[in-house]
>>> print(open('final31.tsv').read())   # TSV, C-alpha atoms and all ligand atoms
chain	number	residue	atom	x	y	z
M	225	MET	CA	99.08	104.31	131.36
M	226	ILE	CA	98.98	107.85	130.09
M	227	SER	CA	97.06	108.11	126.81
M	228	PHE	CA	96.34	110.78	124.23
M	229	PHE	CA	93.58	111.56	121.75
M	230	ASP	CA	92.34	114.68	120.02
M	231	GLU	CA	88.68	115.27	119.14
M	232	ARG	CA	89.71	116.80	115.82
M	233	GLN	CA	90.79	113.32	114.67
M	234	LEU	CA	87.07	112.55	114.32
M	235	ARG	CA	86.73	115.10	111.48
M	236	HIS	CA	88.11	112.45	109.12
M	237	ALA	CA	85.04	110.48	108.03
M	238	PRO	CA	85.09	108.97	104.52
M	239	LEU	CA	81.74	107.65	103.33
M	240	ARG	CA	82.80	104.38	101.71
M	241	GLU	CA	85.69	102.40	100.29
M	242	LEU	CA	86.23	100.19	97.28
M	243	HIS	CA	86.56	96.73	98.81
M	244	ASN	CA	86.72	93.54	96.75
M	245	GLY	CA	85.13	95.31	93.81
M	246	ALA	CA	82.20	96.91	95.60
M	247	TRP	CA	81.49	100.06	97.59
M	248	THR	CA	81.29	99.14	101.25
M	249	PRO	CA	80.97	101.20	104.46
M	250	TYR	CA	84.35	102.64	105.50
M	251	ALA	CA	85.95	100.11	107.89
M	252	GLU	CA	88.25	102.71	109.44
M	253	CYS	CA	85.31	104.62	110.94
M	254	ALA	CA	85.28	107.32	113.62
M	255	ASP	CA	83.39	104.97	115.97
M	256	ARG	CA	86.60	102.94	116.28
M	257	ALA	CA	88.19	105.82	118.14
M	258	ARG	CA	85.07	106.44	120.24
M	259	ASN	CA	85.00	102.77	121.28
M	260	ILE	CA	88.66	102.79	122.30
M	261	ARG	CA	88.30	106.11	124.09
M	262	GLU	CA	85.46	104.71	126.18
M	263	ALA	CA	87.47	101.63	127.15
M	264	ILE	CA	90.65	103.42	128.20
M	265	GLY	CA	89.17	106.26	130.27
M	266	THR	CA	89.85	109.88	129.46
M	267	PRO	CA	92.82	110.41	127.18
M	268	ALA	CA	94.57	113.78	127.34
M	269	PRO	CA	94.36	116.06	124.26
M	270	ALA	CA	97.23	116.38	121.78
M	271	ARG	CA	99.73	119.22	121.88
M	272	ASP	CA	100.57	120.96	118.61
M	273	PHE	CA	104.14	120.35	117.47
M	274	GLY	CA	103.45	122.04	114.13
M	275	MET	CA	104.47	120.92	110.65
M	276	ALA	CA	108.23	120.50	111.15
M	277	PRO	CA	108.16	116.92	112.53
M	278	ILE	CA	105.70	115.93	109.77
M	279	GLU	CA	107.90	117.55	107.10
M	280	ALA	CA	110.86	115.58	108.48
M	281	VAL	CA	109.16	112.41	107.15
M	282	HIS	CA	106.83	113.46	104.32
M	283	ASP	CA	107.71	115.30	101.09
M	284	ALA	CA	106.52	118.91	100.81
M	285	ASP	CA	104.74	118.26	97.48
M	286	TYR	CA	102.81	115.34	98.99
M	287	LEU	CA	101.74	117.42	102.01
M	288	ALA	CA	100.55	120.24	99.74
M	289	PHE	CA	98.57	117.72	97.72
M	290	LEU	CA	97.01	116.12	100.80
M	291	LYS	CA	95.96	119.47	102.28
M	292	GLY	CA	94.36	120.68	99.08
M	293	ALA	CA	93.02	117.49	97.48
M	294	HIS	CA	89.45	117.60	98.73
M	295	ALA	CA	89.00	121.27	97.81
M	296	ALA	CA	90.45	120.54	94.35
M	297	TRP	CA	88.01	117.62	93.99
M	298	ARG	CA	85.09	119.93	94.81
M	299	ALA	CA	86.47	122.62	92.46
M	300	ALA	CA	86.30	119.96	89.71
M	301	LEU	CA	82.58	119.67	90.61
M	302	ARG	CA	82.90	116.16	92.01
M	303	GLU	CA	80.75	114.88	94.88
M	304	ASP	CA	81.62	113.18	98.15
M	305	ASP	CA	85.19	111.93	98.71
M	306	ALA	CA	88.21	112.29	96.43
M	307	ILE	CA	89.57	108.98	95.14
M	308	ALA	CA	91.99	107.93	92.40
M	309	TYR	CA	91.25	105.81	89.38
M	310	THR	CA	94.64	105.64	87.65
M	311	TRP	CA	98.15	105.02	89.03
M	312	PRO	CA	101.67	105.54	87.59
M	313	VAL	CA	102.96	102.02	88.25
M	314	VAL	CA	105.54	102.34	85.50
M	315	ARG	CA	108.31	104.91	86.08
M	316	ARG	CA	106.62	106.91	88.79
M	317	ARG	CA	108.46	110.23	89.13
M	318	LYS	CA	107.89	113.72	90.47
M	319	LEU	CA	105.64	115.15	87.78
M	320	SER	CA	103.93	118.45	88.50
M	321	LEU	CA	100.41	117.74	87.35
M	322	ASP	CA	97.32	119.91	87.72
M	323	ARG	CA	94.41	117.61	87.20
M	324	ILE	CA	93.11	116.25	90.50
M	325	ASP	CA	92.75	112.71	89.12
M	326	ALA	CA	96.40	112.70	88.04
M	327	ARG	CA	97.50	114.01	91.42
M	328	LEU	CA	95.40	111.45	93.31
M	329	GLY	CA	97.06	108.60	91.41
M	330	GLN	CA	100.52	110.15	91.78
M	331	TYR	CA	100.21	110.17	95.56
M	332	SER	CA	98.36	106.94	96.41
M	333	PHE	CA	98.64	103.20	95.89
M	334	ASP	CA	95.11	101.92	96.45
M	335	ALA	CA	91.40	102.75	96.21
M	336	SER	CA	90.54	102.05	99.84
M	337	THR	CA	91.78	105.42	101.11
M	338	PRO	CA	89.50	108.30	100.03
M	339	ILE	CA	90.17	111.92	100.94
M	340	ALA	CA	87.15	113.48	102.63
M	341	GLU	CA	86.54	117.05	103.72
M	342	GLY	CA	87.99	116.52	107.20
M	343	THR	CA	90.84	114.21	106.21
M	344	TRP	CA	93.66	116.72	106.54
M	345	ASP	CA	92.50	117.88	109.98
M	346	GLY	CA	92.03	114.29	111.19
M	347	ALA	CA	95.40	113.11	109.88
M	348	TYR	CA	97.20	116.20	111.20
M	349	TRP	CA	95.83	115.73	114.72
M	350	SER	CA	96.44	111.99	114.60
M	351	ALA	CA	100.12	112.76	113.93
M	352	GLN	CA	100.15	115.35	116.74
M	353	THR	CA	98.67	112.73	119.08
M	354	ALA	CA	101.56	110.40	118.21
M	355	LEU	CA	104.08	113.20	118.81
M	356	THR	CA	102.46	114.05	122.15
M	357	ALA	CA	102.76	110.43	123.34
M	358	LEU	CA	106.35	110.26	122.11
M	359	ASP	CA	107.13	113.49	123.95
M	360	ALA	CA	105.72	112.01	127.18
M	361	VAL	CA	108.14	109.09	126.77
M	362	LEU	CA	111.04	111.47	126.11
M	363	ALA	CA	110.05	113.29	129.32
M	364	GLY	CA	110.34	110.07	131.31
M	365	ALA	CA	107.11	108.07	131.03
M	366	ARG	CA	107.97	104.38	130.53
M	367	THR	CA	105.06	103.96	128.12
M	368	ALA	CA	102.44	106.21	126.55
M	369	PHE	CA	99.52	105.38	124.29
M	370	ALA	CA	98.58	107.46	121.24
M	371	LEU	CA	95.01	106.75	120.11
M	372	CYS	CA	95.91	107.55	116.53
M	373	ARG	CA	93.16	107.50	113.96
M	374	PRO	CA	93.42	107.69	111.01
M	375	PRO	CA	96.23	105.14	111.25
M	376	GLY	CA	99.59	105.65	109.55
M	377	HIS	CA	101.76	102.64	108.81
M	378	HIS	CA	100.78	102.19	105.12
M	379	ALA	CA	101.60	105.82	104.24
M	380	GLY	CA	105.01	106.51	102.70
M	381	ALA	CA	106.99	109.71	102.35
M	382	ASP	CA	104.86	110.76	99.35
M	383	TYR	CA	101.85	108.48	99.19
M	384	LEU	CA	98.71	107.45	101.06
M	385	GLY	CA	97.01	104.03	101.16
M	386	GLY	CA	95.52	101.42	103.48
M	387	TYR	CA	93.42	104.00	105.39
M	388	CYS	CA	96.67	105.91	106.12
M	389	TYR	CA	97.69	109.48	105.16
M	390	LEU	CA	100.47	110.58	107.53
M	391	ASN	CA	102.77	107.95	108.98
M	392	ASN	CA	102.29	108.57	112.71
M	393	ALA	CA	104.81	105.91	113.84
M	394	ALA	CA	107.48	107.12	111.39
M	395	ILE	CA	106.92	110.75	112.47
M	396	ALA	CA	107.28	109.73	116.14
M	397	ALA	CA	110.35	107.56	115.47
M	398	GLN	CA	112.09	110.28	113.45
M	399	HIS	CA	111.26	112.84	116.15
M	400	ALA	CA	112.76	110.56	118.83
M	401	HIS	CA	115.85	110.02	116.68
M	402	ALA	CA	116.26	113.78	116.11
M	403	ALA	CA	115.90	114.39	119.85
M	404	GLY	CA	118.88	112.09	120.45
M	405	ALA	CA	116.85	109.33	122.10
M	406	GLY	CA	118.18	106.67	119.75
M	407	PRO	CA	118.93	104.06	118.67
M	408	VAL	CA	115.19	103.85	117.86
M	409	ALA	CA	113.41	100.66	116.83
M	410	ILE	CA	109.91	100.35	115.39
M	411	LEU	CA	107.96	97.15	116.02
M	412	ASP	CA	104.81	96.75	113.92
M	413	VAL	CA	102.26	94.22	115.19
M	414	ASP	CA	99.30	95.26	113.04
M	415	TYR	CA	97.78	92.38	111.01
M	416	HIS	CA	98.98	94.06	107.80
M	417	HIS	CA	102.56	94.76	106.83
M	418	GLY	CA	103.63	98.35	107.57
M	419	ASN	CA	104.85	99.00	104.05
M	420	GLY	CA	104.94	102.79	104.39
M	421	THR	CA	107.09	102.69	107.53
M	422	GLN	CA	109.40	100.15	105.95
M	423	ASP	CA	109.75	102.28	102.81
M	424	ILE	CA	110.58	105.42	104.83
M	425	PHE	CA	113.39	103.71	106.76
M	426	GLU	CA	114.49	100.78	104.61
M	427	ALA	CA	117.70	102.46	103.36
M	428	ARG	CA	118.61	103.75	106.84
M	429	GLY	CA	120.70	101.90	109.39
M	430	ASP	CA	119.87	104.22	112.28
M	431	ILE	CA	116.21	103.17	112.75
M	432	PHE	CA	115.37	99.46	112.98
M	433	PHE	CA	112.04	98.23	111.58
M	434	ALA	CA	110.51	94.86	112.49
M	435	SER	CA	107.04	93.67	111.45
M	436	ILE	CA	104.94	90.58	112.16
M	437	HIS	CA	101.99	90.38	109.79
M	438	ALA	CA	99.81	88.23	107.54
M	439	ASN	CA	101.75	86.72	104.67
M	440	PRO	CA	101.53	89.25	101.81
M	441	ALA	CA	101.19	86.35	99.40
M	442	THR	CA	97.61	86.04	100.69
M	443	ASP	CA	96.86	89.40	102.28
M	444	TYR	CA	96.98	93.14	101.70
M	445	PRO	CA	99.28	94.97	100.93
M	446	TYR	CA	100.59	92.03	98.79
M	447	TYR	CA	103.67	93.71	97.29
M	448	TRP	CA	105.64	94.32	100.49
M	449	GLY	CA	106.41	92.49	103.71
M	450	HIS	CA	107.97	89.36	102.25
M	451	ALA	CA	110.69	87.73	104.36
M	452	ASP	CA	113.45	88.59	101.86
M	453	GLU	CA	112.95	92.35	102.41
M	454	THR	CA	115.76	93.05	104.89
M	455	GLY	CA	116.73	96.67	104.09
M	456	SER	CA	119.12	98.17	101.57
M	457	GLY	CA	122.31	100.26	101.49
M	458	ASP	CA	123.08	101.67	104.92
M	459	GLY	CA	119.89	99.95	106.12
M	460	ASP	CA	120.99	96.49	105.06
M	461	GLY	CA	119.93	94.16	107.89
M	462	ALA	CA	117.91	96.84	109.74
M	463	THR	CA	114.54	95.58	108.42
M	464	LEU	CA	112.97	92.35	109.66
M	465	ASN	CA	109.79	90.87	108.16
M	466	ILE	CA	108.06	87.87	109.69
M	467	PRO	CA	105.06	86.85	107.55
M	468	MET	CA	102.59	84.50	109.27
M	469	PRO	CA	99.85	82.31	107.75
M	470	ARG	CA	96.15	82.99	108.03
M	471	GLY	CA	94.78	81.24	111.12
M	472	THR	CA	97.82	82.11	113.28
M	473	ARG	CA	97.06	81.56	116.99
M	474	ILE	CA	98.73	82.93	120.10
M	475	ASP	CA	101.48	80.27	120.50
M	476	ALA	CA	102.85	80.70	116.98
M	477	TYR	CA	102.42	84.45	117.27
M	478	LEU	CA	104.47	84.62	120.48
M	479	ALA	CA	107.26	82.54	118.90
M	480	ALA	CA	107.49	85.09	116.07
M	481	LEU	CA	107.30	87.96	118.56
M	482	ASP	CA	110.21	86.53	120.56
M	483	ILE	CA	112.35	86.47	117.40
M	484	ALA	CA	111.52	90.11	116.63
M	485	LEU	CA	112.13	91.23	120.23
M	486	ALA	CA	115.48	89.43	120.36
M	487	ARG	CA	116.57	91.18	117.16
M	488	ILE	CA	115.52	94.59	118.50
M	489	ASN	CA	117.42	93.89	121.72
M	490	ASP	CA	120.55	92.65	119.89
M	491	TRP	CA	120.47	95.73	117.66
M	492	GLY	CA	120.83	97.89	120.77
M	493	ALA	CA	117.55	99.84	120.68
M	494	ARG	CA	117.07	102.39	123.46
M	495	LEU	CA	113.53	103.50	122.56
M	496	LEU	CA	110.64	101.61	120.97
M	497	VAL	CA	107.88	102.94	118.74
M	498	LEU	CA	105.18	100.28	118.65
M	499	SER	CA	102.70	100.21	115.77
M	500	PHE	CA	99.82	98.36	117.39
M	501	GLY	CA	96.93	97.01	115.34
M	502	ALA	CA	94.14	95.07	117.02
M	503	ASP	CA	93.18	93.57	113.65
M	504	THR	CA	95.01	90.34	114.62
M	505	PHE	CA	91.81	89.63	116.62
M	506	SER	CA	89.91	86.44	115.68
M	507	GLY	CA	86.72	88.46	115.18
M	508	ASP	CA	88.19	91.12	112.91
M	509	PRO	CA	85.96	91.52	109.83
M	510	ILE	CA	88.78	92.08	107.30
M	511	SER	CA	91.58	89.95	108.81
M	512	HIS	CA	92.34	86.26	109.40
M	513	PHE	CA	94.44	85.60	112.51
M	514	ALA	CA	93.06	83.85	115.62
M	515	ILE	CA	94.27	86.06	118.48
M	516	GLU	CA	91.68	86.19	121.29
M	517	THR	CA	90.84	89.11	123.57
M	518	GLU	CA	92.77	87.71	126.57
M	519	ASP	CA	95.81	87.04	124.34
M	520	PHE	CA	96.33	90.78	123.85
M	521	ALA	CA	97.46	91.14	127.49
M	522	THR	CA	100.01	88.35	126.92
M	523	ILE	CA	101.36	90.07	123.82
M	524	GLY	CA	101.55	93.42	125.60
M	525	ALA	CA	103.37	91.90	128.58
M	526	ARG	CA	105.85	90.15	126.29
M	527	ILE	CA	106.72	93.42	124.56
M	528	ALA	CA	106.87	95.26	127.90
M	529	ALA	CA	109.44	92.69	129.13
M	530	LEU	CA	111.88	94.16	126.60
M	531	GLY	CA	112.18	96.98	129.14
M	532	LEU	CA	112.38	99.84	126.62
M	533	PRO	CA	110.68	103.23	126.87
M	534	THR	CA	107.78	102.74	124.47
M	535	ALA	CA	105.41	104.99	122.54
M	536	ILE	CA	102.41	102.88	121.50
M	537	ILE	CA	100.82	104.12	118.27
M	538	MET	CA	97.35	102.85	117.33
M	539	GLU	CA	97.07	101.40	113.83
M	540	GLY	CA	94.25	99.06	112.62
M	541	GLY	CA	91.48	96.95	114.21
M	542	TYR	CA	87.99	96.85	112.71
M	543	ALA	CA	85.80	94.75	115.03
M	544	VAL	CA	84.42	98.00	116.41
M	545	GLY	CA	82.38	96.52	119.28
M	546	ASP	CA	85.35	94.53	120.63
M	547	LEU	CA	88.03	97.06	119.76
M	548	GLY	CA	88.17	99.05	123.00
M	549	GLY	CA	88.31	95.89	125.12
M	550	ASN	CA	91.10	94.45	123.00
M	551	VAL	CA	93.13	97.66	123.18
M	552	ALA	CA	92.59	97.94	126.96
M	553	ARG	CA	93.77	94.34	127.39
M	554	PHE	CA	96.86	95.00	125.33
M	555	LEU	CA	97.72	98.11	127.35
M	556	SER	CA	97.11	96.22	130.62
M	557	GLY	CA	100.06	93.99	129.71
M	558	PHE	CA	102.36	96.97	130.24
M	559	GLN	CA	101.20	97.40	133.85
M	560	ASP	CA	101.69	101.13	134.08
Q	1	LIG	N1	90.11	93.42	99.90
Q	1	LIG	C1	95.26	99.11	108.48
Q	1	LIG	O1	94.97	98.14	109.18
Q	1	LIG	N2	91.70	97.12	102.44
Q	1	LIG	N3	94.94	99.15	107.18
Q	1	LIG	C2	92.02	95.80	102.07
Q	1	LIG	C3	91.14	93.84	100.83
Q	1	LIG	C4	92.75	97.88	103.06
Q	1	LIG	C5	94.26	98.07	106.52
Q	1	LIG	C6	91.05	95.35	101.02
Q	1	LIG	C7	93.17	97.38	104.42
Q	1	LIG	C8	94.04	98.40	105.08
Q	1	LIG	C9	95.91	100.29	109.09
Q	2	ZN	ZN	95.96	96.48	109.67
>>> encode(input="final31.tsv", output="structure tokens", more="lines below")
Ligand code: Q9C
Ligand code: ZN
Amino acid sequence: MISFFDERQLRHAPLRELHNGAWTPYAECADRARNIREAIGTPAPARDFGMAPIEAVHDADYLAFLKGAHAAWRAALREDDAIAYTWPVVRRRKLSLDRIDARLGQYSFDASTPIAEGTWDGAYWSAQTALTALDAVLAGARTAFALCRPPGHHAGADYLGGYCYLNNAAIAAQHAHAAGAGPVAILDVDYHHGNGTQDIFEARGDIFFASIHANPATDYPYYWGHADETGSGDGDGATLNIPMPRGTRIDAYLAALDIALARINDWGARLLVLSFGADTFSGDPISHFAIETEDFATIGARIAALGLPTAIIMEGGYAVGDLGGNVARFLSGFQD
């Protein structure tokens, strides 16, 4: 399978995250990408599609914030990575605030997603990697793999969170839609609910979003991904959430996957953007499913049987030593 990665994605390297009340090493580390790269051979570099496809998904004020946040943090004489400490949960609106702490809270929803010096470069090239894979599919490849990192599915139109800054899958899906390749469906099989992707498309009926993930009653991101979230307005019925319990094994997982695939097929999708997280792995340090390495090939093959042109976008997966092998197994299920 053709795959893409850009060295500049490695410039994003936060030092630590706030996890369960303590500073811990950053789980979404650059070595994740190195491990995957080694397991899948030599991915081709990203092409530069510029800002327009990113601006088609993200608000201009958010992008300006993200680009300038680390420099503003340093200008305020702070050390290390920029991170929020207060959030406008009540009546969040587009305020034009100067203080970096106010801006950080305005544009984020958690404290596990710091902005480091190389974050903008890394996120920008991660998005370009997704667009490059999508473009290969538009040009006729049946599948293409984007080794995106940082990941994207928790980022909304104007906020970051969950190790995500730019929503790579949403940018690719919107680009495919704009190119006339639709109807476009997004299937999210990361362990965590893709709340940012859902938020971006939940009021739209022209892009379908389906997600299989850990029950948000027990797992991050808690507030989104419940089964009763099915879309709104024009998007009523174009969102599908299938929460699964901790401990989920391959048989139960495949039963849920078959439901999601049938819905995508019935909806009439012509192109699939696949948010793939390998954090469903039994050995993942921050997750609690029981998918084994060999199961990833079965999952990949089941999705491939849908027969849709597919851009595979890397999301999570934190068992760094096993990550490349798990990703390679998943891709092997597509047999091309
Ligand atoms: N104590 C992705 O897999 N930290 N993001 C959870 C729980 C955030 C995962 C902290 C997990 C984000 C792309
Ligand atoms: Zn995840």
>>> residues_near_ligand(input="final31.tsv", ligand="ligand LIG 1 (chain Q)", cutoff="8 Å", atoms="only C-alpha atoms and all ligand atoms", output="PDB file with C-alpha atoms, in the frame of the given file")
ATOM      1  CA  LEU M 242      86.230 100.190  97.280  1.00  0.00           C
ATOM      2  CA  HIS M 243      86.560  96.730  98.810  1.00  0.00           C
ATOM      3  CA  ASN M 244      86.720  93.540  96.750  1.00  0.00           C
ATOM      4  CA  GLU M 252      88.250 102.710 109.440  1.00  0.00           C
ATOM      5  CA  SER M 336      90.540 102.050  99.840  1.00  0.00           C
ATOM      6  CA  THR M 337      91.780 105.420 101.110  1.00  0.00           C
ATOM      7  CA  PRO M 375      96.230 105.140 111.250  1.00  0.00           C
ATOM      8  CA  GLY M 376      99.590 105.650 109.550  1.00  0.00           C
ATOM      9  CA  HIS M 377     101.760 102.640 108.810  1.00  0.00           C
ATOM     10  CA  HIS M 378     100.780 102.190 105.120  1.00  0.00           C
ATOM     11  CA  GLY M 385      97.010 104.030 101.160  1.00  0.00           C
ATOM     12  CA  GLY M 386      95.520 101.420 103.480  1.00  0.00           C
ATOM     13  CA  TYR M 387      93.420 104.000 105.390  1.00  0.00           C
ATOM     14  CA  CYS M 388      96.670 105.910 106.120  1.00  0.00           C
ATOM     15  CA  ASP M 414      99.300  95.260 113.040  1.00  0.00           C
ATOM     16  CA  TYR M 415      97.780  92.380 111.010  1.00  0.00           C
ATOM     17  CA  HIS M 416      98.980  94.060 107.800  1.00  0.00           C
ATOM     18  CA  ASP M 443      96.860  89.400 102.280  1.00  0.00           C
ATOM     19  CA  TYR M 444      96.980  93.140 101.700  1.00  0.00           C
ATOM     20  CA  PRO M 445      99.280  94.970 100.930  1.00  0.00           C
ATOM     21  CA  GLY M 501      96.930  97.010 115.340  1.00  0.00           C
ATOM     22  CA  ASP M 503      93.180  93.570 113.650  1.00  0.00           C
ATOM     23  CA  ILE M 510      88.780  92.080 107.300  1.00  0.00           C
ATOM     24  CA  GLU M 539      97.070 101.400 113.830  1.00  0.00           C
ATOM     25  CA  GLY M 540      94.250  99.060 112.620  1.00  0.00           C
ATOM     26  CA  GLY M 541      91.480  96.950 114.210  1.00  0.00           C
ATOM     27  CA  TYR M 542      87.990  96.850 112.710  1.00  0.00           C
TER      28      TYR M 542
END
>>> closest_residue(input="final31.tsv", among="M:Ile264, M:Leu481, M:Ala251, M:Ile324", to="Phe554 (chain M)", atoms="all atoms listed in the file")
M:Ile264
>>> atom_distance(input="final31.tsv", atom1="CA of Asp285 (chain M)", atom2="CA of Trp344 (chain M)")
14.4 Å
>>> residues_around(input="final31.tsv", residues="Leu384 (chain M)", least_positions_apart="5", cutoff="6 Å", atoms="all atoms listed in the file", output="list of chain:residue names")
M:Ser332, M:Ala379, M:Tyr389
>>> residues_around(input="final31.tsv", residues="Arg232 (chain M)", least_positions_apart="5", cutoff="12 Å", atoms="all atoms listed in the file", output="list in words")
Ala237, Ala254, Ala257, Pro269, Ala270, Arg271, Asp272, Gly342, Thr343, Trp344, Asp345, Gly346, Ala347, Tyr348, Trp349, Ser350, Ala351, Gln352, Thr353, Cys372, Arg373 and Pro374 of chain M
>>> closest_residue(input="final31.tsv", among="M:Asp230, M:Asp490, M:Glu426, M:Asp460", to="Arg261 (chain M)", atoms="all atoms listed in the file")
M:Asp230
>>> atom_distance(input="final31.tsv", atom1="CA of Trp247 (chain M)", atom2="CA of Ala335 (chain M)")
10.4 Å
>>> closest_residue(input="final31.tsv", among="M:Gly545, M:Pro440, M:Gly274, M:Pro533", to="Cys253 (chain M)", atoms="all atoms listed in the file")
M:Gly545
>>> axis_aligned_box(input="final31.tsv", around="region 493-502 of chain M", padding_each_side="8 Å", output="AutoDock Vina command-line options")
--center_x 105.8 --center_y 99.3 --center_z 119.4 --size_x 39.4 --size_y 24.4 --size_z 24.1
>>> residues_around(input="final31.tsv", residues="Leu328 (chain M)", least_positions_apart="6", cutoff="8 Å", atoms="only C-alpha atoms", output="list in words")
Ala293, Ala306, Ile307 and Ala308 of chain M
>>> atom_distance(input="final31.tsv", atom1="CA of Met468 (chain M)", atom2="CA of His437 (chain M)")
5.9 Å
>>> residues_around(input="final31.tsv", residues="Glu516 (chain M)", least_positions_apart="3", cutoff="10 Å", atoms="only C-alpha atoms", output="ChimeraX atom specification")
/M:473-474,504-507,513,519-521,550
>>> closest_residue(input="final31.tsv", among="M:Ala393, M:Ile523, M:Ala441, M:Gly245", to="Leu485 (chain M)", atoms="only C-alpha atoms")
M:Ile523
>>> closest_residue(input="final31.tsv", among="M:Asp412, M:Glu453, M:Asp475, M:Asp546", to="ligand ZN 2 (chain Q)", atoms="all atoms listed in the file")
M:Asp412
>>> residues_around(input="final31.tsv", residues="Ile466 (chain M)", least_positions_apart="2", cutoff="9 Å", atoms="all atoms listed in the file", output="MDAnalysis selection string")
chainID M and resid 434:439 449:451 464 468 480:481 483:484
>>> write_last_selection(input="final31.tsv", atoms="C-alpha atoms", output="PDB file, keeping the file's coordinate frame")
ATOM      1  CA  ALA M 434     110.510  94.860 112.490  1.00  0.00           C
ATOM      2  CA  SER M 435     107.040  93.670 111.450  1.00  0.00           C
ATOM      3  CA  ILE M 436     104.940  90.580 112.160  1.00  0.00           C
ATOM      4  CA  HIS M 437     101.990  90.380 109.790  1.00  0.00           C
ATOM      5  CA  ALA M 438      99.810  88.230 107.540  1.00  0.00           C
ATOM      6  CA  ASN M 439     101.750  86.720 104.670  1.00  0.00           C
ATOM      7  CA  GLY M 449     106.410  92.490 103.710  1.00  0.00           C
ATOM      8  CA  HIS M 450     107.970  89.360 102.250  1.00  0.00           C
ATOM      9  CA  ALA M 451     110.690  87.730 104.360  1.00  0.00           C
ATOM     10  CA  LEU M 464     112.970  92.350 109.660  1.00  0.00           C
ATOM     11  CA  MET M 468     102.590  84.500 109.270  1.00  0.00           C
ATOM     12  CA  ALA M 480     107.490  85.090 116.070  1.00  0.00           C
ATOM     13  CA  LEU M 481     107.300  87.960 118.560  1.00  0.00           C
ATOM     14  CA  ILE M 483     112.350  86.470 117.400  1.00  0.00           C
ATOM     15  CA  ALA M 484     111.520  90.110 116.630  1.00  0.00           C
TER      16      ALA M 484
END
>>> closest_residue(input="final31.tsv", among="M:Leu478, M:Val408, M:Ala543, M:Ala552", to="ligand ZN 2 (chain Q)", atoms="all atoms listed in the file")
M:Ala543
>>> decode(input="final31.tsv", residues="region 536-546 of chain M", atoms="N, CA, C and O atoms", output="CSV table (one decimal), in the first residue's frame")
chain,number,residue,atom,x,y,z
M,536,ILE,N,-6.6,6.1,4.7
M,536,ILE,CA,-6.4,5.7,6.1
M,536,ILE,C,-5.6,6.7,6.8
M,536,ILE,O,-4.4,7.0,6.4
M,537,ILE,N,-6.2,7.3,7.8
M,537,ILE,CA,-5.5,8.4,8.6
M,537,ILE,C,-5.1,7.9,9.9
M,537,ILE,O,-6.0,7.5,10.7
M,538,MET,N,-3.8,8.0,10.3
M,538,MET,CA,-3.4,7.5,11.6
M,538,MET,C,-3.9,8.4,12.7
M,538,MET,O,-3.7,9.6,12.6
M,539,GLU,N,-4.4,7.8,13.7
M,539,GLU,CA,-4.8,8.5,14.9
M,539,GLU,C,-4.0,8.1,16.1
M,539,GLU,O,-2.8,8.3,16.1
M,540,GLY,N,-4.5,7.4,17.2
M,540,GLY,CA,-3.8,7.1,18.4
M,540,GLY,C,-3.1,5.7,18.3
M,540,GLY,O,-3.1,5.0,17.3
M,541,GLY,N,-2.6,5.3,19.5
M,541,GLY,CA,-1.9,4.0,19.6
M,541,GLY,C,-0.6,4.3,20.4
M,541,GLY,O,0.3,5.0,19.8
M,542,TYR,N,-0.5,3.9,21.6
M,542,TYR,CA,0.6,4.4,22.5
M,542,TYR,C,1.5,3.3,23.1
M,542,TYR,O,2.4,3.6,23.8
M,543,ALA,N,1.3,2.0,22.6
M,543,ALA,CA,2.3,1.0,23.0
M,543,ALA,C,3.4,1.0,21.9
M,543,ALA,O,3.4,0.3,20.9
M,544,VAL,N,4.3,1.9,22.2
M,544,VAL,CA,5.3,2.3,21.1
M,544,VAL,C,6.0,1.1,20.5
M,544,VAL,O,6.1,1.1,19.3
M,545,GLY,N,6.5,0.2,21.3
M,545,GLY,CA,7.2,-0.9,20.8
M,545,GLY,C,6.4,-1.9,19.9
M,545,GLY,O,7.0,-2.5,19.0
M,546,ASP,N,5.1,-2.0,20.1
M,546,ASP,CA,4.2,-2.8,19.3
M,546,ASP,C,3.5,-2.1,18.2
M,546,ASP,O,2.8,-2.7,17.4
